Every structure is written in structure tokens, then in C-alpha cells.
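Printed here is model.cif (mmCIF, C-alpha atoms and all ligand atoms):
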```
data_model
#
loop_
_atom_site.label_atom_id
_atom_site.label_comp_id
_atom_site.auth_asym_id
_atom_site.auth_seq_id
_atom_site.Cartn_x
_atom_site.Cartn_y
_atom_site.Cartn_z
CA MET K 1487 127.41 131.24 218.72
CA GLN K 1488 128.22 133.04 215.47
CA ASP K 1489 125.47 135.10 213.82
CA CYS K 1490 125.33 133.53 210.36
CA ASN K 1491 122.58 135.78 209.00
CA GLN K 1492 124.69 138.81 209.67
CA ARG K 1493 127.57 137.29 207.75
CA ILE K 1494 125.30 136.50 204.80
CA GLU K 1495 123.98 140.08 204.58
CA THR K 1496 127.34 141.80 204.80
CA THR K 1497 129.09 139.92 201.99
CA ASN K 1498 129.79 141.46 198.60
CA THR K 1499 130.45 138.30 196.61
CA ARG K 1500 127.54 137.09 194.48
CA PRO K 1501 128.87 134.11 192.54
CA GLU K 1502 126.63 132.27 190.12
CA SER K 1503 127.20 128.77 191.44
CA PHE K 1504 129.96 126.60 192.88
CA LYS K 1505 132.75 124.18 192.21
CA ILE K 1506 133.63 120.99 194.09
CA ILE K 1507 137.01 121.21 195.81
CA GLY K 1508 137.06 117.91 197.67
CA THR K 1509 135.15 114.67 198.16
CA GLY K 1510 134.92 111.95 200.80
CA SER K 1511 133.02 108.79 201.60
CA CYS K 1512 132.48 106.12 204.21
CA VAL K 1513 130.79 102.72 204.32
CA PRO K 1514 130.17 100.47 207.32
CA GLU K 1515 132.70 97.71 207.95
CA LYS K 1516 130.38 94.73 207.60
CA ILE K 1517 130.05 93.29 204.11
CA VAL K 1518 126.98 91.17 203.37
CA THR K 1519 127.32 89.08 200.21
CA ASN K 1520 124.46 87.75 198.11
CA ASP K 1521 125.23 84.28 199.48
CA ASP K 1522 124.89 85.62 203.04
CA LEU K 1523 121.31 86.64 202.18
CA THR K 1524 120.39 83.12 201.03
CA VAL K 1525 120.68 81.98 204.65
CA PHE K 1526 117.36 83.69 205.50
CA LEU K 1527 115.84 84.68 202.12
CA ASP K 1528 114.60 82.50 199.25
CA THR K 1529 117.03 84.00 196.74
CA SER K 1530 120.36 83.25 195.05
CA ASP K 1531 123.59 84.99 194.12
CA GLU K 1532 122.84 84.24 190.49
CA TRP K 1533 119.32 85.83 190.59
CA ILE K 1534 120.55 88.98 192.30
CA LYS K 1535 123.60 89.37 190.03
CA THR K 1536 121.76 88.82 186.76
CA ARG K 1537 118.71 90.97 187.67
CA THR K 1538 120.60 93.83 189.36
CA GLY K 1539 124.42 93.53 189.06
CA ILE K 1540 124.74 93.70 192.86
CA GLU K 1541 127.26 91.29 194.45
CA GLN K 1542 127.48 92.61 198.00
CA ARG K 1543 126.53 95.57 200.19
CA HIS K 1544 127.92 97.21 203.35
CA ILE K 1545 125.54 97.07 206.31
CA CYS K 1546 125.60 98.98 209.61
CA THR K 1547 126.11 96.99 212.79
CA THR K 1548 127.17 99.56 215.37
CA GLU K 1549 127.36 102.57 213.01
CA THR K 1550 124.54 105.11 212.69
CA THR K 1551 123.66 107.21 209.64
CA SER K 1552 125.34 110.24 211.19
CA ASP K 1553 128.48 108.20 212.04
CA LEU K 1554 128.86 107.45 208.32
CA ALA K 1555 128.04 111.07 207.45
CA VAL K 1556 130.65 112.44 209.86
CA LYS K 1557 133.40 110.18 208.53
CA ALA K 1558 132.55 111.02 204.90
CA ALA K 1559 132.52 114.73 205.81
CA GLN K 1560 135.91 114.51 207.53
CA ASN K 1561 137.38 112.77 204.48
CA ALA K 1562 135.93 115.44 202.19
CA LEU K 1563 137.28 118.29 204.34
CA GLU K 1564 140.73 116.71 204.33
CA ASN K 1565 140.58 116.16 200.58
CA ALA K 1566 139.55 119.82 200.11
CA HIS K 1567 142.26 121.12 202.51
CA THR K 1568 139.44 122.88 204.34
CA THR K 1569 139.00 123.45 208.06
CA VAL K 1570 135.64 123.22 209.78
CA ASP K 1571 135.55 126.96 210.60
CA GLU K 1572 135.51 127.77 206.85
CA ILE K 1573 132.20 125.89 206.41
CA ASP K 1574 129.16 128.22 206.34
CA MET K 1575 126.47 125.58 205.80
CA ILE K 1576 126.04 121.80 206.12
CA LEU K 1577 123.30 120.09 204.09
CA CYS K 1578 122.53 116.38 204.13
CA ALA K 1579 120.32 114.34 201.79
CA THR K 1580 118.87 111.36 203.62
CA ILE K 1581 115.71 109.35 204.27
CA SER K 1582 117.17 107.16 206.99
CA GLY K 1583 118.56 109.40 209.72
CA GLU K 1584 118.57 107.98 213.22
CA TYR K 1585 116.17 110.71 214.33
CA VAL K 1586 113.31 112.56 212.62
CA CYS K 1587 114.79 115.45 214.57
CA PRO K 1588 117.58 116.49 215.01
CA SER K 1589 118.69 116.27 211.41
CA VAL K 1590 121.72 114.23 210.38
CA ALA K 1591 123.30 117.54 209.30
CA ALA K 1592 122.89 118.91 212.85
CA LEU K 1593 124.56 115.81 214.32
CA VAL K 1594 127.42 116.19 211.85
CA GLN K 1595 127.75 119.84 212.86
CA ARG K 1596 128.08 118.85 216.52
CA SER K 1597 130.63 116.10 215.82
CA LEU K 1598 132.77 118.32 213.61
CA GLY K 1599 132.52 121.27 216.01
CA ALA K 1600 131.13 123.47 213.22
CA GLN K 1601 129.08 126.63 213.82
CA CYS K 1602 126.80 127.10 210.84
CA PRO K 1603 123.21 126.49 209.74
CA CYS K 1604 122.40 122.86 208.85
CA PHE K 1605 119.44 120.94 207.55
CA ASP K 1606 118.45 117.68 205.91
CA LEU K 1607 116.71 117.31 202.58
CA SER K 1608 114.39 114.40 201.79
CA ALA K 1609 114.12 113.40 198.14
CA ALA K 1610 114.97 109.69 198.43
CA CYS K 1611 117.42 108.36 195.83
CA THR K 1612 117.31 111.67 193.91
CA GLY K 1613 118.31 113.56 197.07
CA TRP K 1614 121.91 114.30 196.09
CA ILE K 1615 120.87 116.18 192.95
CA TYR K 1616 118.22 118.18 194.81
CA LEU K 1617 120.96 118.96 197.32
CA MET K 1618 123.36 120.21 194.63
CA ASP K 1619 120.69 122.49 193.23
CA THR K 1620 119.81 123.80 196.70
CA ALA K 1621 123.49 124.52 197.24
CA ALA K 1622 123.63 126.37 193.90
CA ALA K 1623 120.74 128.57 195.03
CA PHE K 1624 122.52 129.45 198.28
CA PHE K 1625 125.73 130.27 196.40
CA ALA K 1626 123.74 132.42 193.95
CA ARG K 1627 122.32 134.36 196.90
CA GLY K 1628 125.88 135.05 198.06
CA GLY K 1629 127.57 135.03 201.43
CA ILE K 1630 128.67 131.40 201.55
CA ARG K 1631 132.41 130.78 201.66
CA LYS K 1632 132.31 126.99 201.66
CA MET K 1633 129.54 124.47 202.01
CA LEU K 1634 129.59 120.82 203.06
CA LEU K 1635 127.15 118.51 201.25
CA ILE K 1636 126.51 114.96 202.43
CA GLY K 1637 124.39 112.08 201.17
CA ALA K 1638 124.08 109.49 203.95
CA GLU K 1639 121.86 106.46 204.39
CA ALA K 1640 121.43 103.45 206.64
CA MET K 1641 118.88 101.80 204.36
CA SER K 1642 119.29 98.55 206.28
CA ARG K 1643 117.24 100.17 209.09
CA ILE K 1644 114.22 100.73 206.85
CA VAL K 1645 114.41 97.69 204.56
CA ASN K 1646 112.06 94.76 205.18
CA TRP K 1647 114.53 91.89 205.57
CA HIS K 1648 111.69 89.36 205.03
CA ASP K 1649 110.87 90.77 201.56
CA ARG K 1650 113.28 89.32 199.00
CA SER K 1651 112.07 91.66 196.26
CA THR K 1652 113.46 94.72 198.09
CA ALA K 1653 115.92 93.46 200.73
CA VAL K 1654 118.52 92.32 198.20
CA LEU K 1655 118.73 95.77 196.58
CA PHE K 1656 119.88 98.18 199.28
CA GLY K 1657 123.03 99.01 201.25
CA ASP K 1658 124.40 101.62 203.66
CA GLY K 1659 126.98 104.37 203.09
CA ALA K 1660 127.74 108.06 202.87
CA GLY K 1661 129.44 110.42 200.45
CA ALA K 1662 130.32 114.08 200.84
CA ALA K 1663 131.68 117.06 198.93
CA VAL K 1664 133.07 120.47 199.86
CA LEU K 1665 131.93 123.33 197.62
CA GLU K 1666 133.22 126.85 197.15
CA PRO K 1667 131.98 129.69 194.92
CA GLY K 1668 132.66 129.10 191.24
CA ASP K 1669 131.00 128.57 187.90
CA HIS K 1670 131.23 124.80 187.53
CA TYR K 1671 127.59 123.92 188.26
CA LEU K 1672 125.81 124.42 184.94
CA GLY K 1673 122.19 123.60 185.69
CA SER K 1674 119.60 120.98 186.39
CA SER K 1675 116.36 119.38 185.31
CA PHE K 1676 113.82 118.06 187.84
CA VAL K 1677 110.56 116.15 187.73
CA THR K 1678 108.38 114.97 190.61
CA GLU K 1679 105.27 112.88 190.02
CA GLY K 1680 103.50 112.71 193.39
CA ASN K 1681 102.92 108.99 193.95
CA ASP K 1682 102.87 106.72 197.01
CA GLU K 1683 101.90 103.55 195.18
CA VAL K 1684 105.15 102.69 193.43
CA ILE K 1685 107.64 103.51 196.21
CA ALA K 1686 106.68 104.35 199.79
CA ILE K 1687 108.20 104.19 203.25
CA PRO K 1688 105.32 104.85 205.67
CA ALA K 1689 106.11 106.92 208.75
CA LYS K 1690 105.47 105.59 212.23
CA ASN K 1691 102.09 106.64 213.62
CA GLY K 1692 103.18 106.85 217.23
CA ILE K 1693 100.74 105.82 219.95
CA THR K 1694 97.72 108.03 219.24
CA PRO K 1695 94.56 106.31 220.54
CA TRP K 1696 92.42 108.05 217.85
CA TYR K 1697 94.06 106.95 214.61
CA GLU K 1698 91.67 104.55 212.87
CA ASN K 1699 93.46 103.56 209.65
CA GLU K 1700 95.56 100.46 209.17
CA GLN K 1701 99.17 101.02 210.27
CA LYS K 1702 101.60 100.05 207.54
CA LEU K 1703 105.08 98.80 208.39
CA PRO K 1704 107.50 101.76 208.39
CA LEU K 1705 109.71 99.94 205.87
CA VAL K 1706 110.45 100.15 202.12
CA HIS K 1707 107.44 99.17 199.97
CA MET K 1708 108.23 99.10 196.25
CA ASP K 1709 106.68 97.93 193.01
CA GLY K 1710 109.91 96.86 191.31
CA GLN K 1711 108.60 96.68 187.76
CA GLU K 1712 106.88 100.08 187.87
CA THR K 1713 110.02 101.61 189.38
CA TYR K 1714 112.06 100.02 186.62
CA LYS K 1715 109.81 101.48 183.90
CA PHE K 1716 109.89 104.92 185.54
CA ALA K 1717 113.69 104.79 185.70
CA VAL K 1718 114.41 103.71 182.13
CA SER K 1719 112.01 106.24 180.64
CA ASN K 1720 113.03 109.19 182.85
CA LEU K 1721 116.84 108.97 183.05
CA PRO K 1722 117.54 109.75 179.38
CA LYS K 1723 114.83 112.44 179.34
CA ARG K 1724 116.39 114.32 182.26
CA VAL K 1725 119.82 114.15 180.59
CA ASP K 1726 118.42 115.46 177.28
CA GLU K 1727 116.66 118.32 179.09
CA VAL K 1728 119.64 119.45 181.14
CA LEU K 1729 121.90 119.38 178.07
CA GLN K 1730 119.38 121.37 176.07
CA LYS K 1731 119.06 123.99 178.81
CA ALA K 1732 122.84 124.39 178.94
CA GLY K 1733 123.19 124.50 175.13
CA LEU K 1734 125.35 121.36 175.14
CA GLN K 1735 125.26 118.08 173.18
CA GLU K 1736 125.33 114.47 174.30
CA GLY K 1737 128.79 114.15 172.74
CA ASP K 1738 130.08 116.85 175.13
CA ILE K 1739 129.55 114.57 178.14
CA ASP K 1740 132.71 113.02 179.56
CA TRP K 1741 131.17 111.07 182.46
CA VAL K 1742 127.66 109.97 183.42
CA ILE K 1743 127.26 109.48 187.17
CA PRO K 1744 123.97 107.62 187.48
CA HIS K 1745 122.14 106.63 190.65
CA GLN K 1746 123.26 103.10 191.49
CA ALA K 1747 120.08 101.02 191.68
CA ASN K 1748 120.36 98.39 188.99
CA LYS K 1749 123.02 97.72 186.32
CA ARG K 1750 120.29 96.90 183.80
CA ILE K 1751 118.77 100.37 184.27
CA ILE K 1752 122.20 101.97 183.73
CA ASP K 1753 122.82 99.80 180.64
CA SER K 1754 119.46 100.86 179.24
CA ALA K 1755 120.36 104.55 179.74
CA SER K 1756 123.74 103.87 178.16
CA ARG K 1757 122.14 102.33 175.05
CA ARG K 1758 119.91 105.40 174.76
CA LEU K 1759 122.76 107.94 175.24
CA LYS K 1760 124.84 106.40 172.49
CA HIS K 1761 127.30 109.28 172.08
CA VAL K 1762 128.75 108.56 175.53
CA PRO K 1763 131.08 105.50 175.63
CA ALA K 1764 129.58 102.76 177.83
CA ASP K 1765 132.67 102.69 180.06
CA HIS K 1766 132.11 106.38 180.87
CA PHE K 1767 128.98 105.43 182.81
CA CYS K 1768 130.38 105.16 186.35
CA VAL K 1769 129.30 102.00 188.17
CA ASN K 1770 130.12 100.68 191.66
CA LEU K 1771 126.77 99.14 192.66
CA GLN K 1772 128.30 95.65 192.58
CA LYS K 1773 130.11 96.60 195.83
CA TYR K 1774 127.50 98.75 197.61
CA GLY K 1775 124.01 98.01 196.25
CA ASN K 1776 121.57 100.92 196.20
CA THR K 1777 122.62 103.40 198.90
CA SER K 1778 119.85 105.87 197.97
CA ALA K 1779 120.99 109.50 198.42
CA ALA K 1780 124.56 108.32 199.10
CA SER K 1781 125.03 106.49 195.81
CA ILE K 1782 126.10 109.44 193.63
CA PRO K 1783 128.51 111.06 196.14
CA LEU K 1784 130.03 107.61 196.83
CA LEU K 1785 130.74 107.26 193.11
CA LEU K 1786 131.99 110.82 192.86
CA ASP K 1787 134.51 110.20 195.61
CA GLU K 1788 135.69 106.87 194.16
CA TRP K 1789 136.25 108.33 190.69
CA ASN K 1790 137.81 111.50 192.08
CA ARG K 1791 140.30 109.62 194.26
CA ALA K 1792 141.14 107.29 191.36
CA GLY K 1793 142.10 110.43 189.39
CA LYS K 1794 139.67 109.60 186.59
CA PHE K 1795 138.17 113.09 186.24
CA LYS K 1796 140.31 115.63 184.36
CA ASP K 1797 139.99 119.39 184.81
CA GLY K 1798 137.22 120.66 182.54
CA ASP K 1799 135.50 117.26 182.15
CA LEU K 1800 131.73 117.53 181.81
CA LEU K 1801 129.89 115.36 184.34
CA VAL K 1802 126.18 114.63 184.25
CA MET K 1803 124.62 113.25 187.43
CA VAL K 1804 121.24 111.61 187.00
CA ALA K 1805 118.92 109.87 189.43
CA PHE K 1806 115.42 108.58 190.06
CA GLY K 1807 113.55 107.33 193.10
CA GLY K 1808 110.76 107.81 195.60
CA GLY K 1809 108.49 110.75 195.04
CA LEU K 1810 108.40 109.64 192.30
CA SER K 1811 111.31 111.89 191.47
CA SER K 1812 113.94 112.13 188.78
CA ALA K 1813 116.61 114.72 188.16
CA ALA K 1814 119.85 115.45 186.34
CA CYS K 1815 122.48 118.13 186.76
CA LEU K 1816 125.61 119.20 184.89
CA LEU K 1817 128.95 119.92 186.48
CA ARG K 1818 132.34 120.91 185.07
CA TRP K 1819 135.17 119.22 186.95
C1 LIG A 1901 113.37 94.57 191.69
C2 LIG A 1901 113.82 94.01 190.35
C3 LIG A 1901 115.29 93.66 190.42
C4 LIG A 1901 113.03 92.75 190.06
O1 LIG A 1901 113.41 92.25 188.81
P1 LIG A 1901 112.30 91.75 187.78
O2 LIG A 1901 113.03 91.21 186.62
O3 LIG A 1901 111.37 92.92 187.53
O4 LIG A 1901 111.64 90.61 188.59
P2 LIG A 1901 110.09 90.42 188.91
O5 LIG A 1901 109.65 91.40 189.94
O6 LIG A 1901 109.34 90.36 187.61
O7 LIG A 1901 110.11 88.99 189.55
C5 LIG A 1901 110.45 87.86 188.75
C6 LIG A 1901 110.40 86.65 189.66
O8 LIG A 1901 111.51 86.70 190.56
C7 LIG A 1901 111.05 86.54 191.90
N1 LIG A 1901 111.93 87.30 192.79
C8 LIG A 1901 111.79 88.56 193.23
N2 LIG A 1901 112.83 88.88 194.03
C9 LIG A 1901 113.63 87.79 194.06
C10 LIG A 1901 114.85 87.50 194.70
N3 LIG A 1901 115.50 88.39 195.47
N4 LIG A 1901 115.40 86.29 194.51
C11 LIG A 1901 114.80 85.36 193.74
N5 LIG A 1901 113.63 85.59 193.12
C12 LIG A 1901 113.06 86.78 193.27
C13 LIG A 1901 109.63 87.07 191.88
O9 LIG A 1901 108.89 86.53 192.94
C14 LIG A 1901 109.16 86.59 190.54
O10 LIG A 1901 108.82 85.22 190.65
P3 LIG A 1901 107.54 84.62 189.87
O11 LIG A 1901 107.84 84.83 188.41
O12 LIG A 1901 107.53 83.21 190.30
O13 LIG A 1901 106.38 85.44 190.35
C15 LIG A 1901 113.58 95.05 189.22
O14 LIG A 1901 112.20 95.19 188.97
C16 LIG A 1901 114.16 96.38 189.54
O15 LIG A 1901 115.35 96.55 189.65
N6 LIG A 1901 113.30 97.42 189.65
C17 LIG A 1901 113.77 98.74 189.99
C18 LIG A 1901 114.00 98.81 191.46
C19 LIG A 1901 114.77 100.02 191.85
O16 LIG A 1901 115.58 100.51 191.10
N7 LIG A 1901 114.52 100.49 193.06
C20 LIG A 1901 115.22 101.58 193.62
C21 LIG A 1901 114.44 102.82 193.49
S1 LIG A 1901 115.48 104.18 193.81
#
```
Before we go any further, please render this structure as C-alpha cells.
Amino acid sequence: MQDCNQRIETTNTRPESFKIIGTGSCVPEKIVTNDDLTVFLDTSDEWIKTRTGIEQRHICTTETTSDLAVKAAQNALENAHTTVDEIDMILCATISGEYVCPSVAALVQRSLGAQCPCFDLSAACTGWIYLMDTAAAFFARGGIRKMLLIGAEAMSRIVNWHDRSTAVLFGDGAGAAVLEPGDHYLGSSFVTEGNDEVIAIPAKNGITPWYENEQKLPLVHMDGQETYKFAVSNLPKRVDEVLQKAGLQEGDIDWVIPHQANKRIIDSASRRLKHVPADHFCVNLQKYGNTSAASIPLLLDEWNRAGKFKDGDLLVMVAFGGGLSSAACLLRW
């Protein structure tokens, strides 16, 4: 096994941040349409489409979270013309790994045959932005040649399929990016409001004979309206803050890459950020639903492969979710 600490200490490069050199993604094969949900839920395609914009989602059948993560990682490595032995760290944002331990990142490491430190980060739907900022800190410390970031979720494993107010919203998928030292990451803005009343996914209590409290189902519990209010008030604020910190204006933004939870939330942010054309708010939630920490890297890969980003474009990624958390970051393409 390679001694990674030694490599970190002996390097001379101390770059400020990173740039993205490749992206990848993967979704499970099975597509579940809104109509498919009406077979066992009291809902309709029309209700789901008008309230959320979601038309279908991909759902795991045989695939695990780490299966999706591995495939997305392989696609990103190929896109970045990078071999596994160049990767010095693998980080994964997820709240739905198949194990509490080992991490999804560790399972990806094994599948890819990588030899580098790995860990998962848990910040729910805001996870990808926390991950980018964590990566920036590692690059600032120096010693990293390339890093693999993954957002991967099998939300279908932790959604309550009897609760129509949450079940219709989520989907499964993974997105990944390969980073190398550079100066394209321009900064971030983060807020966490500790709260388990609006969004919570209780952990399993195991089989302790001494625990006396009521055991809650280890599935998504969400107050939709409170989440909605949190999202529409926080998204524009985080964007304003990150622009201000970087000394940039709203009109400088080329693309907004928002967390894909609800088209109405994105439209509200778009109305508020009026100097960015509405069609420069990237949207693919109609195909995937809310894939939590995977939603932003899934979008990033789709837009990248479609050749929509031009060199030098200013991207703002912005998200909200459990925590309650919200965050934005700026990236030059
Ligand atoms: C969940 C959400 C779509 C619900 O939309 P809403 O307009 O707030 O709807 P409400 O919760 O007020 O419910 C309105 C009615 O629709 C019903 N309803 C809820 N889910 C339904 C469904 N899937 N199908 C049909 N009816 C549904 C409710 O029971 C309620 O009926 P009632 O008026 O008879 O009581 C919306 O609140 C939302 O998107 N919130 C943010 C969620 C989010 O982004 N979560 C991810 C966090 S990262």
C-alpha cells in the first residue's frame, strides 16, 4: 500500500484551488413514470408535473449506490483522460450508501483498484457543494495531483413508498468529476440551520434492549411547505453572497446549476436573479426527480457532454436540503 501522507508532505506545489477536467454520470436502468406511481399511490401525473415538474425518475432494482458511483467515476476518468493511479483522493457525497461503513468512496476505491485515501461526506442535497469546498481545501493544502469527486444516491432505499407527499419527488443516480490543481474554483457561501423538524431521515436504532424512545421509521420525513419556503428564500441569498465575496455581479453569471428538487423552486430563483436568462438555469429534474447529492453533478455532466459550457464561462452551483443546509459556489469552466 502506498504511503499517501508521505506524498502529501514532500510535494512543492501549493495551488489555490482546482479545475474540473472531466465529468461522468450514471443512472439505474429502470425508469418509473408518474403514471407508474398511480398504481400504488393516490396521486396523478398531472399533480406531480404541475407541482414539481418531475415526469419520471430512475430507480435501482439490482444496482447499489456504489455501483452507480463506480460507473459515474469510470465515465469521469475516461472523460478526463485520467488513469486511476493518478487519483490521490476519492470523496463521495451521499446519504444513502449501502453501508454506514465502509463508505461509498471506499467501495469505489476497491472497484477501481485505486490506492488513495477516501471518505464520504453527509450534507444531504447540499452535499456536492460541501464536497467541492472540501476538495478546494485539500488542493490549497497541496500535494494532490488529481481528485475524484462523486455524488451518489439510491434515494429509493430511504423513501417511504406509502407517503405520496415525498415518494413522488426522489430518484436514484450518480455524478462525478475529476479535478486537478488550478484556479477555477472561486469560492463558496454556506449556511446550516440545525433542524430535524423540517427534513429528517432517522437512523436505525439497532437491537439495544435499553432504548426507551419511540423508534421512527428510518425513511425520509419532510415538511414540504417549510422546505419550499427555506429553498426559495435561501437560494438567491447564497448566490448574492458568493458573488459579493468574489467581487462579481449577477450579470457575470453564465450558468446557474441549481439542485434539482422542484421546477417551481428553480423558477422562483430565476425570477429573483433577473440578470441571468431563464434558459441559463440548467434543469433536468423532469427525467431524474430529486437525486439529492447526485443532482448537481448529473447536471454538470449532461451540460458538459452537450458542449454547452464554453471555456471561461462562470458557473454558480446552488443547493439546499436537510440540515437544514444551503450553499453556493462559483466555478470558472
Ligand atoms: C412537496 C411539494 C411538491 C408539495 O406541494 P404543495 O403545493 O406544497 O402541496 P401541499 O403540501 O400544500 O399539498 C396540497 C394537497 O396536495 C396533496 N398531495 C400531496 N402530495 C400529493 C401527491 N403526490 N399527489 C396528489 N396530491 C398530493 C396534499 O395532501 C394536499 O391535499 P389537501 O389540500 O387535501 O390537504 C412542495 O411543498 C415542495 O416541493 N416542497 C419542497 C420539497 C423539496 O424540495 N424537498 C427536497 C429537499 S432537498
Counting only C-alpha atoms, which residues come within 8 Å of (119.7, 122.4, 187.0), with the point read in the file's coordinates, and could you list them as a list in words?
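Collected hits near the coordinates: Asp1619, Leu1672, Gly1673, Ser1674, Ser1675, Phe1676, Val1728, Ala1814, Cys1815 and Leu1816 of chain K.
If all atoms listed in the file are the atoms counted, then among K:His1544, K:Lys1702, K:Lys1516, K:Lys1794 the closest residue to Met1641 of chain K is K:His1544.
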Rounded to one decimal in Å, what is the spacing between atom CA of Glu1666 of chain K and atom CA of Asp1726 of chain K?
27.3 Å
Which polymer residues, whether protein, DNA or RNA, lie within 12 Å of the coordinate (130.6, 134.6, 194.1) when you count only C-alpha atoms? List them as a VMD selection string, using the chain letters and numbers from the file.
chain K and resid 1497 to 1505 1622 to 1632 1665 to 1670
I need the residue nearest Gly1657 of chain K from this list: K:Leu1721, K:Ala1747, K:Leu1786, K:Val1590. Use all atoms listed in the file for the distance.
K:Ala1747
Neighbour list for Ile1782 of chain K as a list in words, cut-off 8 Å, only C-alpha atoms, skip fewer than 2 positions in-chain:
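The residues that qualify are Trp1614, Gly1661, Ile1743, Pro1744, His1745, Gln1746, Ala1779, Ala1780, Leu1784, Leu1785, Leu1786 and Met1803 of chain K.
The spacing separating atom CA of Glu1515 of chain K from atom CA of Glu1639 of chain K amounts to 14.4 Å.
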Residue neighbourhood Val1725 of chain K, 12 Å, all atoms listed in the file, exclusion window fewer than 4 positions, as a PyMOL selection string
chain K and resi 1673-1677+1718-1721+1729-1732+1734-1739+1741-1744+1755-1756+1758-1759+1762+1801-1806+1812-1816
Quick check, in Å to one decimal: how far apart do atom CA of Cys1611 of chain K and atom CA of Ile1693 of chain K lie?
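Distance reported for this atom pair: 29.4 Å.
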